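J.: Input file: query-v8.txt. Contents: compact mmCIF, C-alpha atoms.
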# COMPACT_ATOMS: atom_id res chain seq x y z
CA MET A 1 -104.19 59.16 -18.64
CA PRO A 2 -107.32 60.56 -20.29
CA GLY A 3 -106.66 61.99 -23.68
CA PRO A 4 -108.27 63.42 -26.77
CA ASP A 5 -110.56 61.62 -29.16
CA ILE A 6 -108.71 61.16 -32.47
CA ILE A 7 -110.65 60.71 -35.70
CA THR A 8 -108.31 59.47 -38.42
CA MET A 9 -109.16 59.69 -42.10
CA GLY A 10 -107.14 58.18 -44.94
CA CYS A 11 -103.77 56.48 -45.04
CA ARG A 12 -101.52 54.47 -42.77
CA LEU A 13 -99.23 57.46 -42.39
CA ASN A 14 -102.13 59.34 -40.84
CA ILE A 15 -102.70 56.42 -38.47
CA ALA A 16 -99.08 56.64 -37.29
CA GLU A 17 -99.25 60.40 -36.89
CA SER A 18 -102.56 60.23 -35.04
CA GLU A 19 -100.92 58.09 -32.38
CA ALA A 20 -98.14 60.66 -32.03
CA ILE A 21 -100.84 63.33 -31.62
CA ARG A 22 -102.51 61.20 -28.95
CA ASP A 23 -99.27 61.26 -26.96
CA MET A 24 -98.67 65.00 -27.45
CA ALA A 25 -102.20 65.96 -26.44
CA ALA A 26 -102.42 63.53 -23.53
CA GLY A 27 -104.67 64.72 -20.73
CA GLN A 28 -106.85 66.94 -22.91
CA ASP A 29 -110.04 64.95 -22.62
CA ASP A 30 -112.11 67.93 -23.81
CA LEU A 31 -110.43 67.76 -27.23
CA ILE A 32 -111.35 66.08 -30.53
CA VAL A 33 -108.68 66.04 -33.25
CA VAL A 34 -109.77 65.23 -36.80
CA ASN A 35 -106.75 64.11 -38.85
CA SER A 36 -108.01 64.70 -42.38
CA CYS A 37 -107.35 63.27 -45.83
CA ALA A 38 -107.25 65.17 -49.12
CA VAL A 39 -106.60 62.39 -51.62
CA THR A 40 -110.07 62.74 -53.20
CA ALA A 41 -112.95 65.19 -53.03
CA GLU A 42 -114.92 62.40 -51.35
CA ALA A 43 -112.29 62.16 -48.61
CA VAL A 44 -112.67 65.88 -47.94
CA ARG A 45 -116.46 65.52 -47.86
CA GLN A 46 -116.17 62.63 -45.40
CA THR A 47 -113.88 64.74 -43.22
CA ARG A 48 -116.48 67.51 -43.05
CA GLN A 49 -119.14 64.91 -42.27
CA ALA A 50 -116.99 63.44 -39.47
CA ILE A 51 -116.53 66.90 -37.95
CA ARG A 52 -120.29 67.58 -37.88
CA ARG A 53 -120.98 64.15 -36.40
CA ALA A 54 -118.31 64.66 -33.72
CA LYS A 55 -119.84 67.99 -32.70
CA ARG A 56 -123.29 66.44 -32.45
CA ASP A 57 -121.95 63.65 -30.26
CA ARG A 58 -119.86 65.94 -28.05
CA PRO A 59 -121.15 69.51 -28.29
CA ASP A 60 -118.91 70.80 -25.49
CA ALA A 61 -115.63 69.48 -26.92
CA ARG A 62 -113.04 71.57 -28.77
CA ILE A 63 -112.54 70.38 -32.34
CA LEU A 64 -109.19 70.86 -34.08
CA VAL A 65 -108.73 69.82 -37.71
CA THR A 66 -105.35 68.84 -39.09
CA GLY A 67 -103.91 66.62 -41.84
CA CYS A 68 -103.71 66.98 -45.61
CA ALA A 69 -107.15 68.50 -46.22
CA ALA A 70 -106.49 71.06 -43.48
CA GLN A 71 -103.18 71.87 -45.16
CA THR A 72 -104.58 72.26 -48.68
CA GLU A 73 -107.96 73.78 -47.83
CA PRO A 74 -107.58 75.54 -44.45
CA GLN A 75 -110.33 78.09 -45.11
CA THR A 76 -112.83 75.33 -45.91
CA PHE A 77 -112.54 74.06 -42.36
CA ALA A 78 -112.03 77.43 -40.70
CA ALA A 79 -115.44 78.43 -42.09
CA MET A 80 -117.17 75.53 -40.31
CA VAL A 81 -118.93 76.66 -37.12
CA GLU A 82 -118.08 73.32 -35.48
CA VAL A 83 -114.31 73.89 -35.83
CA ASP A 84 -112.25 75.66 -33.15
CA GLY A 85 -108.90 75.52 -34.94
CA VAL A 86 -107.13 74.39 -38.12
CA ILE A 87 -103.56 73.09 -37.83
CA GLY A 88 -101.22 72.36 -40.73
CA ASN A 89 -99.23 69.18 -41.29
CA ARG A 90 -96.07 70.78 -39.93
CA GLU A 91 -97.77 72.30 -36.91
CA LYS A 92 -99.52 69.06 -35.91
CA MET A 93 -96.19 67.64 -34.78
CA GLU A 94 -95.79 70.37 -32.15
CA ALA A 95 -97.45 69.68 -28.79
CA SER A 96 -98.18 73.40 -28.34
CA ALA A 97 -100.54 73.30 -31.35
CA PHE A 98 -103.15 71.38 -29.35
CA ALA A 99 -103.48 73.93 -26.57
CA PRO A 100 -106.27 76.52 -26.98
CA LEU A 101 -105.23 78.68 -29.95
CA ALA A 102 -105.11 82.46 -30.13
CA GLU A 103 -105.64 82.24 -33.90
CA LYS A 104 -108.07 79.90 -35.60
CA VAL A 105 -105.74 78.90 -38.46
CA ARG A 106 -102.13 77.81 -38.03
CA VAL A 107 -101.00 76.51 -41.41
CA SER A 108 -97.50 77.30 -42.72
CA ASP A 109 -95.86 76.67 -46.10
CA ILE A 110 -95.34 72.91 -46.20
CA MET A 111 -92.92 73.26 -49.12
CA ALA A 112 -90.49 75.05 -46.79
CA VAL A 113 -90.16 71.98 -44.55
CA ARG A 114 -86.79 70.28 -45.02
CA ASP A 115 -86.72 67.73 -42.22
CA THR A 116 -88.83 64.87 -40.95
CA ALA A 117 -89.09 65.14 -37.20
CA PRO A 118 -89.00 61.90 -35.17
CA HIS A 119 -92.76 61.99 -34.68
CA MET A 120 -93.15 58.24 -34.89
CA ALA A 121 -95.71 56.78 -32.54
CA SER A 122 -94.75 54.70 -29.52
CA ALA A 123 -98.16 53.06 -28.98
CA PHE A 124 -101.11 52.06 -31.14
CA ALA A 125 -104.24 51.79 -29.07
CA ASP A 126 -106.40 49.88 -31.56
CA HIS A 127 -103.89 47.95 -33.67
CA ALA A 128 -101.94 44.72 -33.33
CA ARG A 129 -99.33 46.03 -35.75
CA ALA A 130 -97.42 49.30 -35.55
CA PHE A 131 -97.09 51.79 -38.40
CA LEU A 132 -93.62 53.30 -38.40
CA GLU A 133 -93.13 56.50 -40.40
CA VAL A 134 -89.79 56.53 -42.21
CA GLN A 135 -90.48 59.13 -44.89
CA ASN A 136 -92.81 62.03 -45.62
CA GLY A 137 -93.63 64.21 -48.62
CA CYS A 138 -93.21 63.55 -52.33
CA ASP A 139 -90.96 64.99 -55.06
CA HIS A 140 -93.10 63.62 -57.90
CA ARG A 141 -95.95 65.53 -59.45
CA CYS A 142 -98.51 63.05 -60.74
CA THR A 143 -101.09 65.11 -62.57
CA PHE A 144 -104.05 63.86 -60.49
CA CYS A 145 -102.47 64.19 -57.05
CA ILE A 146 -102.92 66.97 -54.50
CA ILE A 147 -100.92 65.22 -51.76
CA PRO A 148 -97.50 66.86 -52.40
CA TYR A 149 -99.18 70.17 -51.64
CA GLY A 150 -100.41 68.73 -48.34
CA ARG A 151 -97.20 66.94 -47.37
CA GLY A 152 -94.38 68.93 -49.01
CA ASN A 153 -91.23 67.60 -50.62
CA SER A 154 -89.73 64.19 -49.84
CA ARG A 155 -87.71 63.89 -46.65
CA SER A 156 -86.49 60.87 -44.73
CA VAL A 157 -86.07 59.85 -41.09
CA PRO A 158 -82.42 58.92 -40.28
CA ALA A 159 -81.93 55.16 -40.06
CA GLY A 160 -80.67 55.26 -36.48
CA ALA A 161 -83.89 56.88 -35.29
CA VAL A 162 -85.97 54.34 -37.23
CA VAL A 163 -84.09 51.36 -35.74
CA GLU A 164 -84.37 52.80 -32.24
CA LYS A 165 -88.12 53.33 -32.61
CA ALA A 166 -88.57 49.85 -34.11
CA GLN A 167 -86.86 48.32 -31.08
CA GLN A 168 -89.10 50.32 -28.74
CA LEU A 169 -92.18 49.04 -30.56
CA VAL A 170 -91.01 45.42 -30.32
CA ASP A 171 -90.20 45.91 -26.63
CA ALA A 172 -93.78 47.20 -26.20
CA GLY A 173 -95.11 43.91 -27.58
CA TYR A 174 -95.66 44.60 -31.28
CA GLN A 175 -94.75 41.65 -33.48
CA GLU A 176 -95.30 43.33 -36.82
CA ILE A 177 -94.15 46.74 -38.03
CA VAL A 178 -95.37 48.39 -41.22
CA LEU A 179 -92.98 50.92 -42.76
CA THR A 180 -95.02 53.84 -44.01
CA GLY A 181 -94.69 57.22 -45.69
CA VAL A 182 -96.05 59.21 -48.60
CA ASP A 183 -93.56 57.76 -51.11
CA VAL A 184 -91.67 55.13 -49.10
CA THR A 185 -89.46 53.91 -51.96
CA SER A 186 -88.01 57.42 -52.35
CA TYR A 187 -86.40 57.02 -48.92
CA GLY A 188 -82.85 58.24 -48.46
CA PRO A 189 -81.49 60.69 -51.08
CA ASP A 190 -81.82 63.64 -48.67
CA LEU A 191 -79.75 61.89 -45.97
CA PRO A 192 -75.93 61.71 -45.73
CA GLY A 193 -74.66 58.93 -47.95
CA SER A 194 -78.03 58.62 -49.73
CA PRO A 195 -79.10 55.30 -48.18
CA SER A 196 -81.81 53.36 -49.98
CA LEU A 197 -84.99 51.81 -48.59
CA GLY A 198 -83.37 48.39 -48.98
CA LEU A 199 -80.41 49.47 -46.87
CA LEU A 200 -82.78 50.85 -44.21
CA ILE A 201 -84.64 47.52 -44.09
CA GLU A 202 -81.36 45.63 -43.71
CA ARG A 203 -80.43 47.86 -40.78
CA ILE A 204 -83.83 47.32 -39.12
CA LEU A 205 -83.62 43.53 -39.50
CA LYS A 206 -80.06 43.47 -38.16
CA GLY A 207 -80.63 46.03 -35.40
CA VAL A 208 -83.91 44.52 -34.18
CA PRO A 209 -83.30 40.76 -34.38
CA ASN A 210 -86.38 39.97 -32.26
CA LEU A 211 -88.78 41.64 -34.74
CA PRO A 212 -90.75 38.74 -36.29
CA ARG A 213 -92.57 40.53 -39.12
CA LEU A 214 -91.80 43.58 -41.25
CA ARG A 215 -94.25 44.81 -43.90
CA LEU A 216 -94.18 47.60 -46.48
CA SER A 217 -97.05 50.00 -47.12
CA SER A 218 -97.76 51.11 -50.69
CA ILE A 219 -94.64 51.38 -52.83
CA ASP A 220 -93.77 52.55 -56.34
CA SER A 221 -92.81 49.57 -58.49
CA VAL A 222 -90.38 51.57 -60.62
CA GLU A 223 -88.26 52.29 -57.53
CA ILE A 224 -87.68 48.66 -56.52
CA ASP A 225 -83.90 48.33 -56.88
CA GLU A 226 -81.92 45.08 -56.66
CA ARG A 227 -81.26 45.36 -52.93
CA LEU A 228 -84.95 45.87 -52.16
CA PHE A 229 -86.01 43.16 -54.61
CA ASP A 230 -83.68 40.66 -52.94
CA LEU A 231 -85.24 41.39 -49.54
CA ILE A 232 -88.80 41.13 -50.88
CA ALA A 233 -87.99 37.89 -52.67
CA HIS A 234 -85.88 36.06 -50.10
CA GLU A 235 -86.05 37.57 -46.59
CA PRO A 236 -88.46 35.46 -44.47
CA ARG A 237 -89.12 38.30 -41.98
CA MET A 238 -90.30 40.51 -44.86
CA MET A 239 -93.96 39.69 -45.31
CA PRO A 240 -94.95 38.18 -48.71
CA HIS A 241 -97.31 41.03 -49.59
CA LEU A 242 -96.69 43.96 -51.92
CA HIS A 243 -99.03 46.87 -52.48
CA LEU A 244 -98.07 48.71 -55.66
CA SER A 245 -98.99 52.21 -56.74
CA LEU A 246 -99.96 51.25 -60.31
CA GLN A 247 -102.88 53.69 -60.90
CA ALA A 248 -103.68 52.52 -64.45
CA GLY A 249 -103.05 49.78 -66.98
CA ASP A 250 -102.96 51.87 -70.16
CA ASP A 251 -99.74 53.47 -71.38
CA MET A 252 -101.33 56.67 -72.66
CA ILE A 253 -103.18 57.20 -69.39
CA LEU A 254 -100.00 56.49 -67.43
CA LYS A 255 -98.21 59.10 -69.52
CA ARG A 256 -100.97 61.65 -68.93
CA MET A 257 -100.84 60.84 -65.23
CA LYS A 258 -97.09 61.55 -65.36
CA ARG A 259 -96.32 58.15 -63.92
CA ARG A 260 -92.80 56.83 -64.40
CA HIS A 261 -93.61 53.26 -65.40
CA SER A 262 -95.27 51.60 -68.37
CA ARG A 263 -97.84 48.84 -68.36
CA ALA A 264 -95.14 46.34 -69.35
CA ASP A 265 -92.94 47.53 -66.46
CA ALA A 266 -95.69 46.79 -63.96
CA VAL A 267 -96.40 43.33 -65.33
CA ALA A 268 -92.68 42.49 -65.46
CA VAL A 269 -92.10 43.49 -61.83
CA VAL A 270 -94.98 41.33 -60.62
CA GLN A 271 -93.92 38.35 -62.75
CA ARG A 272 -90.35 38.60 -61.46
CA VAL A 273 -91.39 38.86 -57.82
CA LYS A 274 -93.84 35.96 -58.12
CA ALA A 275 -91.23 33.78 -59.82
CA ALA A 276 -88.86 34.39 -56.90
CA ARG A 277 -91.50 34.11 -54.14
CA PRO A 278 -94.58 32.28 -55.45
CA GLY A 279 -96.70 32.79 -52.34
CA ILE A 280 -96.51 36.57 -52.40
CA SER A 281 -99.80 38.46 -52.70
CA ILE A 282 -100.17 41.61 -54.78
CA GLY A 283 -102.23 44.68 -54.02
CA ALA A 284 -102.56 47.80 -56.13
CA ASP A 285 -104.15 51.21 -56.36
CA ILE A 286 -106.03 51.77 -59.62
CA ILE A 287 -107.93 54.90 -60.69
CA ALA A 288 -111.07 54.52 -62.80
CA GLY A 289 -112.17 57.25 -65.19
CA PHE A 290 -109.04 59.39 -65.39
CA PRO A 291 -109.52 62.32 -67.82
CA THR A 292 -109.47 61.24 -71.51
CA GLU A 293 -109.89 57.54 -70.58
CA ASP A 294 -111.94 55.79 -73.25
CA GLU A 295 -113.37 52.26 -73.11
CA ALA A 296 -110.28 50.65 -74.65
CA MET A 297 -108.00 52.41 -72.16
CA PHE A 298 -110.22 51.31 -69.31
CA GLU A 299 -110.16 47.74 -70.61
CA ASN A 300 -106.36 47.77 -70.31
CA SER A 301 -106.72 48.62 -66.62
CA ARG A 302 -109.34 45.92 -66.16
CA LEU A 303 -107.08 43.32 -67.74
CA LEU A 304 -104.18 44.42 -65.54
CA VAL A 305 -105.97 42.98 -62.50
CA ASP A 306 -105.58 39.49 -63.94
CA GLU A 307 -102.16 40.01 -65.50
CA CYS A 308 -100.71 41.24 -62.18
CA ASP A 309 -102.82 38.85 -60.09
CA ILE A 310 -104.12 41.71 -57.95
CA VAL A 311 -105.91 40.27 -54.91
CA HIS A 312 -105.85 43.38 -52.72
CA GLY A 313 -107.35 45.93 -55.11
CA HIS A 314 -107.91 49.52 -53.99
CA ILE A 315 -110.11 51.11 -56.64
CA PHE A 316 -110.56 54.88 -56.71
CA PRO A 317 -113.03 56.71 -58.96
CA TYR A 318 -111.10 59.63 -60.44
CA SER A 319 -111.58 62.72 -58.31
CA HIS A 320 -111.29 66.23 -59.73
CA ARG A 321 -108.84 68.12 -57.49
CA ALA A 322 -108.64 71.86 -58.19
CA GLY A 323 -105.10 73.01 -58.85
CA THR A 324 -103.89 69.75 -60.39
CA PRO A 325 -103.03 69.44 -64.11
CA ALA A 326 -105.55 66.61 -64.55
CA ALA A 327 -108.35 68.95 -63.53
CA ARG A 328 -107.71 70.92 -66.74
CA MET A 329 -107.88 67.85 -68.99
CA PRO A 330 -111.08 66.68 -70.76
CA GLN A 331 -113.12 64.98 -68.03
CA VAL A 332 -114.99 61.67 -68.14
CA ASP A 333 -118.58 62.07 -66.97
CA ARG A 334 -119.30 61.01 -63.38
CA THR A 335 -121.77 58.29 -64.30
CA THR A 336 -119.17 56.56 -66.47
CA ILE A 337 -116.50 56.96 -63.79
CA LYS A 338 -118.70 55.31 -61.17
CA ALA A 339 -119.67 52.49 -63.53
CA ARG A 340 -116.03 51.77 -64.42
CA ALA A 341 -115.00 51.82 -60.75
CA ALA A 342 -117.76 49.31 -59.99
CA ARG A 343 -116.60 47.05 -62.81
CA LEU A 344 -113.02 47.17 -61.57
CA ARG A 345 -114.14 46.33 -58.03
CA ASP A 346 -116.11 43.36 -59.37
CA VAL A 347 -113.06 42.03 -61.22
CA CYS A 348 -110.90 42.50 -58.11
CA ALA A 349 -113.49 40.79 -55.91
CA THR A 350 -113.67 37.77 -58.21
CA ARG A 351 -109.90 37.36 -58.28
CA ARG A 352 -109.66 37.87 -54.52
CA GLU A 353 -112.27 35.22 -53.77
CA GLY A 354 -110.47 32.74 -55.99
CA TRP A 355 -107.21 33.46 -54.19
CA LEU A 356 -108.77 33.09 -50.75
CA ARG A 357 -110.40 29.79 -51.75
CA SER A 358 -107.01 28.54 -52.93
CA LEU A 359 -105.72 28.95 -49.37
CA ILE A 360 -108.28 26.54 -47.85
CA GLY A 361 -106.42 23.53 -46.49
CA THR A 362 -103.14 25.39 -46.05
CA THR A 363 -101.42 26.33 -42.80
CA GLN A 364 -100.82 30.06 -42.29
CA SER A 365 -98.91 32.12 -39.75
CA VAL A 366 -101.48 34.62 -38.43
CA LEU A 367 -100.98 37.77 -36.37
CA VAL A 368 -103.98 37.90 -34.01
CA GLU A 369 -105.73 41.27 -33.80
CA ARG A 370 -106.76 42.92 -30.53
CA SER A 371 -110.18 41.24 -30.64
CA GLY A 372 -108.57 37.80 -30.35
CA ILE A 373 -111.03 36.52 -32.95
CA SER A 374 -109.48 37.71 -36.20
CA GLY A 375 -106.13 38.51 -37.73
CA HIS A 376 -104.06 38.56 -40.90
CA ALA A 377 -101.79 35.96 -42.45
CA GLU A 378 -98.32 36.87 -43.69
CA ASN A 379 -99.79 37.40 -47.18
CA PHE A 380 -102.36 39.76 -45.58
CA ALA A 381 -105.28 37.41 -46.08
CA PRO A 382 -107.96 38.15 -43.46
CA VAL A 383 -108.48 35.28 -41.04
CA ARG A 384 -111.19 34.59 -38.46
CA PHE A 385 -110.63 31.97 -35.77
CA ALA A 386 -113.13 29.37 -34.65
CA SER A 387 -112.14 30.15 -31.03
CA ALA A 388 -110.52 33.14 -29.36
CA GLN A 389 -106.74 33.46 -29.46
CA VAL A 390 -104.28 35.56 -27.46
CA PRO A 391 -104.31 39.11 -28.90
CA SER A 392 -101.08 40.23 -30.63
CA SER A 393 -99.75 36.67 -30.73
CA ILE A 394 -98.62 34.87 -33.88
CA VAL A 395 -100.52 31.61 -34.35
CA ARG A 396 -99.98 28.74 -36.76
CA ALA A 397 -103.47 28.14 -38.13
CA THR A 398 -105.07 25.62 -40.45
CA ILE A 399 -107.47 27.22 -42.94
CA THR A 400 -110.74 25.30 -43.02
CA GLY A 401 -113.10 27.52 -45.03
CA LEU A 402 -114.14 30.91 -46.35
CA GLU A 403 -117.02 32.98 -45.03
CA ASN A 404 -118.02 36.60 -45.73
CA GLY A 405 -114.63 37.46 -47.21
CA SER A 406 -112.54 36.02 -44.36
CA LEU A 407 -110.74 32.72 -44.11
CA ILE A 408 -111.93 30.47 -41.27
CA ALA A 409 -109.16 28.90 -39.23
CA GLN A 410 -108.39 26.75 -36.24
CA GLU A 411 -105.08 26.59 -34.40
CA ALA A 412 -102.84 24.03 -36.07
CA ALA A 413 -102.09 20.87 -34.12
Any chance you could put this one into structure tokens?
T.:
Amino acid sequence: MPGPDIITMGCRLNIAESEAIRDMAAGQDDLIVVNSCAVTAEAVRQTRQAIRRAKRDRPDARILVTGCAAQTEPQTFAAMVEVDGVIGNREKMEASAFAPLAEKVRVSDIMAVRDTAPHMASAFADHARAFLEVQNGCDHRCTFCIIPYGRGNSRSVPAGAVVEKAQQLVDAGYQEIVLTGVDVTSYGPDLPGSPSLGLLIERILKGVPNLPRLRLSSIDSVEIDERLFDLIAHEPRMMPHLHLSLQAGDDMILKRMKRRHSRADAVAVVQRVKAARPGISIGADIIAGFPTEDEAMFENSRLLVDECDIVHGHIFPYSHRAGTPAARMPQVDRTTIKARAARLRDVCATRREGWLRSLIGTTQSVLVERSGISGHAENFAPVRFASAQVPSSIVRATITGLENGSLIAQEAA
């Protein structure tokens, strides 16, 4: 059935929610929905740019803007002549929101939301893996972050609904599911019995025995309890890939960010996980140029890349977000921020290339993407095949080389 064009900005949670929107707005082929991101000022700028480009490409289409930037800055988008309507993060999970609107702005108080509706997608048009939302919102107030004001307080999807949706996704042919949310490791305290993320994972693995691969999106290292650690370290269906929300490698900066871990905590978690599961790969978010960061503080973040063996580095130049406590702190100048971000990316790229080269000659289990030409190993290393494979299949592949940031592979004999 013809449907809307969906333009998705930002995180994996947005990807999952965009697919739910695609289902709810099915049949509206005159509609473009821009699912926005507010994590940085640059993300908001890119959202505005995407809106203008969409209108140029399809001048007769209706354009609705939703997502975190629409929630936190509704008037910014309402003022754009290209935009027909602005829908908040609560409203975007109601099918009625995508019909022609009587009012241009429909954005309610996200902090009043107490539940997480079962708006988990049943199909992913452009992905070999499915992103399954299990949690939304955040109860923490990191001083740099605007996202709680776009997503509201933390709330969890009941385990039964998650298991049921996971089984539906496997039945639809997906062989890998990524559990996603705003603060996934805070899953459970709002539900009866206060189940943990580890308990949820156990229920998924038991309830969906034919699910081959389960992966976690970004998690907070300080919230890895013993149950979750045991699964990460020893469960073969849990992919050997962790992406940690570290943000900085200097204790004073971490304190000013209002993070709940120290530098030593981060290093200890990674060392413990790697000792238990040596092949696991580590990713991390790191912010360059946070307010008050001097060269010595930055150096601690740079060194953290090596100490935590970060091979999937997501580097963010600090972004001034009005209304956050960090915006009132002494700022680092933009030129320095950009230079430090570039240096961090260089360090991450060097470590990543060394890691990828170390995989040459090994055999990897690779989930083939929809193109049939590329995919990702269990450790999330990118892989390109010498010949086309069956899309969405899992292939045992021998790694023969490295080219343009991707491992080169041929099907193992």
J.: Which residues come within 10 Å of A:Ile224, counting all atoms listed in the file, excluding same-chain residues fewer than 5 positions away, as a PyMOL selection string?
T.: chain A and resi 185-186+196-198+219+229-230+232+269
J.: Taking the point (-109.3, 73.4, -55.9) as given in the file, collect each protein or nucleic acid residue that comes within 10 Å of it, counting all atoms listed in the file, and present the set as number ranges by chain.
T.: A: 41, 72-73, 146, 320-324, 327
J.: Residues at most 9 Å from stretch 233-242 of chain A, counting only C-alpha atoms, excluding those fewer than 5 positions away in the same chain, as a list in words?
T.: Leu205, Leu211, Pro212, Arg213, Leu214, Arg215, Leu216, Ser217, Ser218, Ile219, Leu228, Val273, Lys274, Ala275, Ala276, Arg277, Pro278, Gly279, Ile280, Ser281, Ile282, Gly283, Ala284, Glu378, Asn379 and Phe380 of chain A
J.: Atom CA of A:Ile147 to atom CA of A:Asn35: how many Å, to one decimal?
T.: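 About the pair atom CA of A:Ile147 and atom CA of A:Asn35: they are 14.2 Å apart.
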J.: Given the point (-102.5, 64.3, -68.1) in the file's coordinates, find the residues that have an atom at most 6 Å from it, counting all atoms listed in the file, and give them as a list in words.
T.: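 Applying the cut-off with all atoms listed in the file, one gets Thr143, Arg256, Met257 and Ala326 of chain A.
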J.: Export, as a PDB file, in the frame of the given file, the selected residues with C-alpha atoms.
T.:
ATOM      1  CA  THR A 143    -101.090  65.110 -62.570  1.00  0.00           C
ATOM      2  CA  ARG A 256    -100.970  61.650 -68.930  1.00  0.00           C
ATOM      3  CA  MET A 257    -100.840  60.840 -65.230  1.00  0.00           C
ATOM      4  CA  ALA A 326    -105.550  66.610 -64.550  1.00  0.00           C
TER       5      ALA A 326
END
J.: Given all atoms listed in the file as the basis, pick out the residue of A:Glu353, A:Glu293, A:Glu91, A:Glu411 nearest to A:Val366.
T.: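 Of the candidates, the smallest distance to A:Val366 is held by A:Glu411.
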J.: Pick from A:Phe77, A:Phe290, A:Phe298, A:Phe98: nearest to A:Asp333, with all atoms listed in the file counted?
T.: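 Among the listed residues, A:Phe290 lies closest to A:Asp333.
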J.: As a PyMOL selection string, please: the residues near A:Leu356 (cut-off 8 Å, all atoms listed in the file, same-chain neighbours under 5 positions excluded).
T.: chain A and resi 381+402+406-407
J.: Using only C-alpha atoms, can you tell me which of A:Ser387, A:Asn210, A:Gln71, A:Thr8 comes closest to A:Thr47?
T.: A:Thr8
J.: Quick one: of A:Ala268, A:Leu132, A:Cys138, A:Val81, who's nearest to A:Glu176, counting all atoms listed in the file?
T.: A:Leu132
J.: What does the distance from atom CA of A:Pro317 to atom CA of A:Ile286 come to in Å, to one decimal?
T.: 8.6 Å
J.: Name all residues at most 9 Å from A:Thr400 (count only C-alpha atoms; drop same-chain ones fewer than 6 positions away) and give them as a list in words.
T.: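 Returned residues: Leu359, Ile360, Gly361, Thr362, Leu407, Ile408, Ala409 and Gln410 of chain A.
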J.: Using Å and a single decimal, report how far atom CA of A:Lys92 sits from atom CA of A:Tyr149.
T.: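 Between these atoms lies a distance of 15.8 Å.
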J.: Calculated over only C-alpha atoms, which of the candidates A:Thr180, A:Thr363, A:Ser96, A:Thr336 has the smallest distance to A:Thr292?
T.: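 Distance minimum relative to A:Thr292 lands on A:Thr336.
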J.: List the neighbours of A:Leu246 out to 12 Å using all atoms listed in the file; skip same-chain residues closer than 6 positions along the sequence, and give me the result as a VMD selection string.
T.: chain A and resid 142 218 to 222 253 to 254 257 to 267 269 to 270 282 to 288 301 304 to 305 308 310 313 to 316
J.: Hey, which of A:Arg53, A:Arg396, A:Arg352, A:Arg90 ends up closest to A:Glu17? Count all atoms listed in the file.
T.: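 Counting all atoms listed in the file, the residue closest to A:Glu17 is A:Arg90.
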J.: Generate the coordinates of N, CA and C atoms for stretch 144-155 of chain A; report them as a short mmCIF file (atom, residue, chain, number, x, y, z; two decimals), keeping the file's coordinate frame.
T.:
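Output (rebuild-v1.cif):
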data_model
loop_
_atom_site.label_atom_id
_atom_site.label_comp_id
_atom_site.auth_asym_id
_atom_site.auth_seq_id
_atom_site.Cartn_x
_atom_site.Cartn_y
_atom_site.Cartn_z
N PHE A 144 -102.77 63.96 -61.19
CA PHE A 144 -104.05 63.86 -60.49
C PHE A 144 -103.93 64.15 -59.00
N CYS A 145 -102.70 64.30 -58.49
CA CYS A 145 -102.47 64.19 -57.05
C CYS A 145 -102.27 65.54 -56.37
N ILE A 146 -103.02 65.75 -55.30
CA ILE A 146 -102.92 66.97 -54.50
C ILE A 146 -101.99 66.78 -53.30
N ILE A 147 -101.61 65.53 -53.01
CA ILE A 147 -100.92 65.22 -51.76
C ILE A 147 -99.58 65.94 -51.58
N PRO A 148 -98.74 66.11 -52.63
CA PRO A 148 -97.50 66.86 -52.40
C PRO A 148 -97.74 68.26 -51.83
N TYR A 149 -98.88 68.84 -52.15
CA TYR A 149 -99.18 70.17 -51.64
C TYR A 149 -99.69 70.13 -50.19
N GLY A 150 -100.02 68.92 -49.74
CA GLY A 150 -100.41 68.73 -48.34
C GLY A 150 -99.26 68.25 -47.48
N ARG A 151 -98.28 67.57 -48.12
CA ARG A 151 -97.20 66.94 -47.37
C ARG A 151 -95.83 67.57 -47.62
N GLY A 152 -95.68 68.33 -48.72
CA GLY A 152 -94.38 68.93 -49.01
C GLY A 152 -93.48 67.99 -49.78
N ASN A 153 -92.20 68.38 -49.88
CA ASN A 153 -91.23 67.60 -50.62
C ASN A 153 -90.75 66.40 -49.80
N SER A 154 -90.14 65.43 -50.49
CA SER A 154 -89.73 64.19 -49.84
C SER A 154 -88.61 64.44 -48.85
N ARG A 155 -88.75 63.82 -47.67
CA ARG A 155 -87.71 63.89 -46.65
C ARG A 155 -87.78 62.61 -45.83
#
